[in-house]
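Source file: entry-v1.txt. Holds: compact mmCIF, C-alpha atoms and all ligand atoms.
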# COMPACT_ATOMS: atom_id res chain seq x y z
CA MET A 1 155.75 127.43 62.90
CA SER A 2 157.59 125.37 60.30
CA LEU A 3 156.97 121.69 59.85
CA ARG A 4 160.11 119.73 60.61
CA LEU A 5 161.30 116.19 60.08
CA GLY A 6 159.91 113.99 62.84
CA ASP A 7 156.83 116.20 63.37
CA THR A 8 153.39 114.65 63.11
CA ALA A 9 151.91 115.57 59.72
CA PRO A 10 148.95 117.86 60.50
CA ASN A 11 145.57 116.29 59.89
CA PHE A 12 142.89 117.92 57.73
CA GLN A 13 139.52 117.21 56.17
CA ILE A 14 139.14 118.25 52.54
CA ALA A 15 137.49 117.58 49.19
CA THR A 16 139.52 115.57 46.67
CA THR A 17 138.95 114.02 43.26
CA SER A 18 138.16 110.76 45.11
CA GLY A 19 135.65 112.39 47.50
CA ASP A 20 136.03 114.01 50.91
CA ILE A 21 138.87 112.66 53.05
CA ASP A 22 140.16 112.87 56.58
CA PHE A 23 143.88 112.79 55.80
CA HIS A 24 145.01 110.56 58.68
CA ASP A 25 142.14 108.11 58.16
CA TRP A 26 142.78 108.01 54.43
CA ALA A 27 146.51 107.38 54.96
CA GLY A 28 145.79 104.47 57.31
CA ASP A 29 148.82 102.17 57.66
CA SER A 30 150.46 103.38 54.46
CA TRP A 31 153.30 105.73 53.73
CA VAL A 32 152.19 108.89 51.90
CA PHE A 33 153.83 110.84 49.08
CA PHE A 34 152.06 114.20 49.53
CA PHE A 35 152.99 116.69 46.84
CA SER A 36 151.73 120.10 45.78
CA HIS A 37 151.81 121.73 42.37
CA PRO A 38 151.10 125.29 41.24
CA ALA A 39 148.08 124.84 39.00
CA ASP A 40 146.00 122.54 36.83
CA PHE A 41 146.34 122.76 33.04
CA THR A 42 150.03 123.72 33.19
CA PRO A 43 152.75 121.80 31.34
CA VAL A 44 155.25 120.81 34.05
CA CYS A 45 152.45 119.78 36.43
CA THR A 46 150.85 117.68 33.71
CA THR A 47 154.05 115.66 33.28
CA GLU A 48 154.44 115.24 37.06
CA MET A 49 150.89 113.98 37.51
CA GLY A 50 151.36 111.63 34.59
CA ARG A 51 154.63 110.29 35.99
CA THR A 52 153.05 109.66 39.39
CA ALA A 53 150.22 107.75 37.73
CA GLN A 54 152.63 105.77 35.55
CA LEU A 55 154.56 104.77 38.70
CA SER A 56 151.45 103.62 40.59
CA GLY A 57 152.77 100.03 40.69
CA GLU A 58 156.09 101.24 42.19
CA PHE A 59 154.30 103.25 44.88
CA GLU A 60 151.97 100.36 45.67
CA ALA A 61 154.91 97.93 45.96
CA ARG A 62 156.35 100.21 48.65
CA ASN A 63 152.98 100.66 50.46
CA VAL A 64 152.94 104.35 49.51
CA LYS A 65 149.80 106.31 48.65
CA PRO A 66 150.32 109.40 46.44
CA LEU A 67 148.24 112.49 47.25
CA GLY A 68 148.44 115.58 45.02
CA LEU A 69 147.33 119.11 45.89
CA SER A 70 146.72 122.40 44.15
CA THR A 71 144.58 125.40 44.89
CA ASP A 72 142.15 124.56 42.07
CA SER A 73 138.67 123.00 42.41
CA VAL A 74 137.62 119.34 42.18
CA GLU A 75 135.81 120.12 38.91
CA GLU A 76 138.99 121.65 37.41
CA HIS A 77 141.09 118.73 38.67
CA LEU A 78 138.73 116.18 37.11
CA LYS A 79 138.73 117.95 33.75
CA TRP A 80 142.52 118.26 33.84
CA ILE A 81 142.98 114.57 34.70
CA GLU A 82 141.44 113.78 31.30
CA ASP A 83 144.27 115.79 29.68
CA VAL A 84 146.88 114.13 31.91
CA ASN A 85 145.64 110.69 30.89
CA ASP A 86 145.49 111.60 27.20
CA THR A 87 148.85 113.32 26.92
CA GLN A 88 150.86 111.10 29.30
CA ASN A 89 149.29 107.79 28.22
CA THR A 90 148.24 106.81 31.70
CA SER A 91 145.26 106.41 33.99
CA LEU A 92 145.49 108.65 37.03
CA ARG A 93 143.73 107.07 40.02
CA PHE A 94 145.24 108.71 43.12
CA PRO A 95 143.35 111.62 44.79
CA ILE A 96 144.17 115.27 44.20
CA VAL A 97 143.21 117.69 46.98
CA ALA A 98 141.14 120.71 45.95
CA ASP A 99 142.54 123.37 48.26
CA LYS A 100 140.56 126.36 46.95
CA ASP A 101 140.81 128.35 50.19
CA HIS A 102 144.53 127.46 50.74
CA LYS A 103 143.75 125.84 54.09
CA VAL A 104 146.09 122.87 53.62
CA ALA A 105 148.67 124.76 51.57
CA GLN A 106 149.07 127.22 54.44
CA MET A 107 149.16 124.46 57.06
CA TYR A 108 152.00 122.75 55.12
CA GLU A 109 153.67 126.02 54.04
CA MET A 110 153.29 125.17 50.38
CA ILE A 111 152.70 128.80 49.36
CA HIS A 112 155.92 130.83 49.17
CA PRO A 113 154.87 134.44 48.54
CA GLY A 114 158.17 135.26 46.82
CA GLU A 115 157.13 132.77 44.11
CA SER A 116 153.35 133.29 44.13
CA GLU A 117 150.75 134.70 46.53
CA THR A 118 148.14 132.12 45.55
CA ALA A 119 149.71 129.05 43.93
CA ALA A 120 151.62 126.30 45.75
CA VAL A 121 155.25 125.62 44.96
CA ARG A 122 156.36 122.01 44.31
CA SER A 123 156.53 120.71 47.88
CA VAL A 124 157.11 117.04 48.74
CA PHE A 125 156.31 115.44 52.08
CA ILE A 126 157.10 111.78 52.66
CA ILE A 127 155.04 110.68 55.66
CA ASP A 128 155.40 107.31 57.38
CA PRO A 129 152.63 105.04 58.73
CA ASN A 130 153.01 106.68 62.17
CA LYS A 131 152.13 109.98 60.43
CA LYS A 132 155.63 111.36 61.02
CA ILE A 133 157.16 113.63 58.39
CA ARG A 134 160.28 111.80 57.22
CA LEU A 135 161.39 113.92 54.26
CA THR A 136 160.62 117.32 52.79
CA MET A 137 161.74 118.78 49.48
CA THR A 138 160.79 122.04 47.83
CA TYR A 139 161.20 122.65 44.13
CA PRO A 140 160.55 125.90 42.29
CA MET A 141 157.68 126.14 39.84
CA SER A 142 159.94 125.86 36.80
CA VAL A 143 161.57 122.54 37.79
CA GLY A 144 159.72 119.24 37.49
CA ARG A 145 160.56 116.75 40.21
CA ASN A 146 162.79 113.70 39.77
CA PHE A 147 160.63 110.67 40.50
CA THR A 148 163.58 108.28 40.52
CA GLU A 149 164.86 110.27 43.50
CA ILE A 150 161.47 110.20 45.20
CA LEU A 151 161.35 106.38 44.98
CA ARG A 152 165.02 106.18 46.02
CA VAL A 153 164.51 108.14 49.24
CA ILE A 154 161.45 106.05 50.09
CA ASP A 155 163.57 102.90 49.57
CA SER A 156 166.31 104.34 51.75
CA LEU A 157 163.92 105.34 54.56
CA GLN A 158 162.19 101.96 54.55
CA LEU A 159 165.48 100.06 54.51
CA SER A 160 166.97 102.18 57.28
CA ASP A 161 163.88 101.53 59.43
CA ALA A 162 164.03 97.79 58.80
CA LYS A 163 167.81 97.24 59.10
CA ARG A 164 169.11 100.12 61.25
CA ILE A 165 171.43 101.32 58.51
CA ALA A 166 172.08 104.62 56.75
CA THR A 167 172.72 105.02 53.04
CA PRO A 168 175.69 106.79 51.44
CA ALA A 169 175.74 109.46 48.75
CA ASP A 170 174.08 108.36 45.53
CA TRP A 171 173.02 105.04 47.05
CA THR A 172 170.63 102.97 45.02
CA PRO A 173 168.93 99.72 46.11
CA GLY A 174 171.41 96.85 46.22
CA GLY A 175 174.35 99.15 46.94
CA LYS A 176 176.52 99.08 50.06
CA VAL A 177 175.04 100.70 53.16
CA ILE A 178 176.52 102.36 56.24
CA ILE A 179 176.51 101.06 59.80
CA PRO A 180 175.68 104.18 61.85
CA PRO A 181 178.21 105.29 64.48
CA SER A 182 175.53 104.80 67.17
CA ILE A 183 175.94 101.02 66.72
CA SER A 184 179.03 99.61 68.44
CA ASN A 185 181.18 96.95 66.81
CA ASP A 186 179.87 94.43 69.37
CA GLU A 187 176.27 95.17 68.46
CA ALA A 188 177.15 95.27 64.75
CA LYS A 189 178.44 91.68 64.97
CA ASP A 190 174.90 90.55 65.88
CA LEU A 191 173.11 92.84 63.45
CA PHE A 192 175.46 92.33 60.49
CA PRO A 193 176.92 88.79 60.76
CA GLN A 194 177.96 89.11 57.11
CA GLY A 195 180.68 91.52 58.33
CA TRP A 196 181.70 94.94 57.08
CA ASP A 197 184.55 96.96 55.60
CA GLU A 198 185.95 99.44 58.11
CA LEU A 199 187.46 102.36 56.17
CA ARG A 200 187.55 104.36 59.41
CA PRO A 201 186.09 103.45 62.82
CA TYR A 202 183.19 105.81 61.97
CA LEU A 203 182.86 104.64 58.34
CA ARG A 204 181.77 101.01 58.11
CA LEU A 205 180.19 99.66 54.93
CA THR A 206 178.19 96.48 54.62
CA ASP A 207 175.73 94.70 52.34
CA VAL A 208 172.14 94.02 53.26
CA LYS A 209 169.78 91.63 51.55
C1 LIG A 301 153.93 124.29 34.99
O1 LIG A 301 153.46 123.36 35.67
O2 LIG A 301 154.23 124.13 33.83
C2 LIG A 301 154.14 125.63 35.61
C3 LIG A 301 153.29 126.09 36.59
C4 LIG A 301 153.49 127.34 37.14
C5 LIG A 301 154.56 128.10 36.74
C6 LIG A 301 155.44 127.62 35.78
C7 LIG A 301 155.23 126.38 35.21

Just give me the structure of the file as structure tokens.
Ligand code: BEZ
Amino acid sequence: MSLRLGDTAPNFQIATTSGDIDFHDWAGDSWVFFFSHPADFTPVCTTEMGRTAQLSGEFEARNVKPLGLSTDSVEEHLKWIEDVNDTQNTSLRFPIVADKDHKVAQMYEMIHPGESETAAVRSVFIIDPNKKIRLTMTYPMSVGRNFTEILRVIDSLQLSDAKRIATPADWTPGGKVIIPPSISNDEAKDLFPQGWDELRPYLRLTDVK
């Protein structure tokens, strides 16, 4: 059964580079950026791990905990982290799950047999503090992820939760946002006293601080 947006992220207990974790307990009241990669000591993965570590301040500012996963062992992960730190000029501190028996990768459908029978593809799960899956993305093994986009969707999700808005195509923080059709003009007057531009009755744009 596929995991869908709005589902509760399945819990698991597993060894990581920061010790054994119970996923839900470890996540606590934070958002989680849970991402899988095919294998340690591979070039694209090395740059992705480095980028995540370099952006640790950005994740922390958004109350997001990164959690990596591959089907390699803790010992391999720890050795590889030395390479990540050396080659990407960073200091990787977030945990990486050691999913040797594919327990979590299967639970989260991170192994796509058409790509590989044993290695995870580049899956992304953004999980909110209620443990709900809010976003999924799947990249092939040959394409490194865009971390600007990962931060952007987290910003959009957090802003839409806080302000009851939606964000348009190519939105970036500070840009105009959309008043969803589920909000009537009467209600919008209370929620958005700054007003809005009505291009169509279903397309209302406003600014939020
Ligand atoms: C990489 O991370 O470089 C990689 C891993 C598996 C297949 C292709 C590339």

Tell me which of A:Gln158, A:Asn185, A:Ser70, A:Gln194 sits closest to ligand LIG 301 (chain A), counting all atoms listed in the file.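 Nearest candidate to ligand LIG 301 (chain A) out of A:Gln158, A:Asn185, A:Ser70, A:Gln194: A:Ser70.
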
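Remark: for ligand LIG 301 (chain A), the closest of the candidate residues A:Ile178, A:Ile81, A:Ala39, A:Ile127 is A:Ala39 (distances computed over all atoms listed in the file).
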
Just the residues within 8 Å of Ser156 (chain A), please, counting all atoms listed in the file, with nothing from its chain fewer than 2 positions along; format it as a list of chain:residue names.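 Non-adjacent residues within range: A:Arg152, A:Val153, A:Ile154, A:Gln158, A:Leu159, A:Ser160, A:Ala166, A:Thr167, A:Pro173.
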
Please produce, as JSON lines, a per-residue contact table for chain A versus ligand LIG 301 (chain A) (criterion: any atom at most 7 Å away, only C-alpha atoms and all ligand atoms considered), showing the nearest atom pair and its distance in Å to one decimal, sorted by chain then residue number.
{"residue": "A:Pro38", "atom": "CA", "partner": "A:LIG301", "partner_atom": "C4", "distance": 5.2}
{"residue": "A:Ala39", "atom": "CA", "partner": "A:LIG301", "partner_atom": "C3", "distance": 5.9}
{"residue": "A:Thr42", "atom": "CA", "partner": "A:LIG301", "partner_atom": "O1", "distance": 4.2}
{"residue": "A:Pro43", "atom": "CA", "partner": "A:LIG301", "partner_atom": "O2", "distance": 3.7}
{"residue": "A:Val44", "atom": "CA", "partner": "A:LIG301", "partner_atom": "O2", "distance": 3.5}
{"residue": "A:Cys45", "atom": "CA", "partner": "A:LIG301", "partner_atom": "O1", "distance": 3.8}
{"residue": "A:Thr46", "atom": "CA", "partner": "A:LIG301", "partner_atom": "O1", "distance": 6.6}
{"residue": "A:Met141", "atom": "CA", "partner": "A:LIG301", "partner_atom": "C5", "distance": 4.8}
{"residue": "A:Ser142", "atom": "CA", "partner": "A:LIG301", "partner_atom": "C6", "distance": 4.9}

For Asp101 (chain A), work out the shell of residues within 10 Å, counting all atoms listed in the file and skipping chain neighbours fewer than 6 positions away, then give it as a PyMOL selection string. chain A and resi 71-73+118

Within 8 Å of Glu109 (chain A) using all atoms listed in the file, minus same-chain residues under 4 positions, as a compact mmCIF listing (two decimals) with C-alpha atoms, in the coordinates of the input:
# COMPACT_ATOMS: atom_id res chain seq x y z
CA SER A 2 157.59 125.37 60.30
CA LEU A 3 156.97 121.69 59.85
CA ALA A 105 148.67 124.76 51.57

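Shortest atom-to-atom contact with Leu191 (chain A) among A:Ala169, A:Gln54, A:Asp7, A:Lys163: A:Lys163, counting all atoms listed in the file.
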
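The coordinates place CA of Glu60 (chain A) at 22.5 Å from CA of His77 (chain A).
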
Just checking: using only C-alpha atoms, which residue out of A:Pro201, A:Gly68, A:Gly175, A:Gly6 ends up closest to Ser18 (chain A)?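 Using only C-alpha atoms, the shortest distance to Ser18 (chain A) belongs to A:Gly68.
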
Which one of A:Ser116, A:Thr136, A:Ser123, A:Ser30 sits closest to Leu69 (chain A) if you count all atoms listed in the file?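 Checking each candidate against Leu69 (chain A), we get A:Ser123 as the closest.
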
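Taking CA of Pro180 (chain A) and CA of Leu203 (chain A) as endpoints, the distance between them is 8.0 Å.
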
Where's the centre, and what are the edge lengths in Å to one decimal, of a box along x, y and z enclosing all listed atoms of region 126-138 of chain A padded 3 Å per side, as lines of an AutoDock Vina configuration file?
center_x = 156.9
center_y = 113.5
center_z = 55.0
size_x = 15.6
size_y = 23.0
size_z = 20.3

Just give me the residues with any atom within 6 Å of (152.9, 124.3, 42.7), file coordinates, counting all atoms listed in the file, written as a ChimeraX atom specification. /A:36-38,119-122,141

Could the residues in this selection be saved with C-alpha atoms as a short mmCIF file (atom, residue, chain, number, x, y, z; two decimals), in the coordinates of the input?
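The resulting file, result-v3.cif, is shown below:
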data_model
loop_
_atom_site.label_atom_id
_atom_site.label_comp_id
_atom_site.auth_asym_id
_atom_site.auth_seq_id
_atom_site.Cartn_x
_atom_site.Cartn_y
_atom_site.Cartn_z
CA SER A 36 151.73 120.10 45.78
CA HIS A 37 151.81 121.73 42.37
CA PRO A 38 151.10 125.29 41.24
CA ALA A 119 149.71 129.05 43.93
CA ALA A 120 151.62 126.30 45.75
CA VAL A 121 155.25 125.62 44.96
CA ARG A 122 156.36 122.01 44.31
CA MET A 141 157.68 126.14 39.84
#

What is the CA of Gly50 (chain A) to CA of Trp80 (chain A) distance in Å? 11.1 Å

Between A:Phe35, A:Trp26, A:Tyr139, A:Phe125, smallest distance to Phe12 (chain A) by all atoms listed in the file belongs to A:Trp26

Name the residues in contact with region 63-65 of chain A at a cut-off of 12 Å, using only C-alpha atoms, excluding same-chain residues fewer than 3 positions from it; report them as an MDAnalysis selection string. chainID A and resid 23:24 26:35 52:53 55:60 68 93:96 125:129 150:151 154:155 158

Atoms kept (C-alpha atoms) for selection, written as a PDB file, in the frame of the given file:
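The resulting file, result-v2.pdb, is reproduced below:
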ATOM      1  CA  PHE A  23     143.880 112.790  55.800  1.00  0.00           C
ATOM      2  CA  HIS A  24     145.010 110.560  58.680  1.00  0.00           C
ATOM      3  CA  TRP A  26     142.780 108.010  54.430  1.00  0.00           C
ATOM      4  CA  ALA A  27     146.510 107.380  54.960  1.00  0.00           C
ATOM      5  CA  GLY A  28     145.790 104.470  57.310  1.00  0.00           C
ATOM      6  CA  ASP A  29     148.820 102.170  57.660  1.00  0.00           C
ATOM      7  CA  SER A  30     150.460 103.380  54.460  1.00  0.00           C
ATOM      8  CA  TRP A  31     153.300 105.730  53.730  1.00  0.00           C
ATOM      9  CA  VAL A  32     152.190 108.890  51.900  1.00  0.00           C
ATOM     10  CA  PHE A  33     153.830 110.840  49.080  1.00  0.00           C
ATOM     11  CA  PHE A  34     152.060 114.200  49.530  1.00  0.00           C
ATOM     12  CA  PHE A  35     152.990 116.690  46.840  1.00  0.00           C
ATOM     13  CA  THR A  52     153.050 109.660  39.390  1.00  0.00           C
ATOM     14  CA  ALA A  53     150.220 107.750  37.730  1.00  0.00           C
ATOM     15  CA  LEU A  55     154.560 104.770  38.700  1.00  0.00           C
ATOM     16  CA  SER A  56     151.450 103.620  40.590  1.00  0.00           C
ATOM     17  CA  GLY A  57     152.770 100.030  40.690  1.00  0.00           C
ATOM     18  CA  GLU A  58     156.090 101.240  42.190  1.00  0.00           C
ATOM     19  CA  PHE A  59     154.300 103.250  44.880  1.00  0.00           C
ATOM     20  CA  GLU A  60     151.970 100.360  45.670  1.00  0.00           C
ATOM     21  CA  GLY A  68     148.440 115.580  45.020  1.00  0.00           C
ATOM     22  CA  ARG A  93     143.730 107.070  40.020  1.00  0.00           C
ATOM     23  CA  PHE A  94     145.240 108.710  43.120  1.00  0.00           C
ATOM     24  CA  PRO A  95     143.350 111.620  44.790  1.00  0.00           C
ATOM     25  CA  ILE A  96     144.170 115.270  44.200  1.00  0.00           C
ATOM     26  CA  PHE A 125     156.310 115.440  52.080  1.00  0.00           C
ATOM     27  CA  ILE A 126     157.100 111.780  52.660  1.00  0.00           C
ATOM     28  CA  ILE A 127     155.040 110.680  55.660  1.00  0.00           C
ATOM     29  CA  ASP A 128     155.400 107.310  57.380  1.00  0.00           C
ATOM     30  CA  PRO A 129     152.630 105.040  58.730  1.00  0.00           C
ATOM     31  CA  ILE A 150     161.470 110.200  45.200  1.00  0.00           C
ATOM     32  CA  LEU A 151     161.350 106.380  44.980  1.00  0.00           C
ATOM     33  CA  ILE A 154     161.450 106.050  50.090  1.00  0.00           C
ATOM     34  CA  ASP A 155     163.570 102.900  49.570  1.00  0.00           C
ATOM     35  CA  GLN A 158     162.190 101.960  54.550  1.00  0.00           C
TER      36      GLN A 158
END
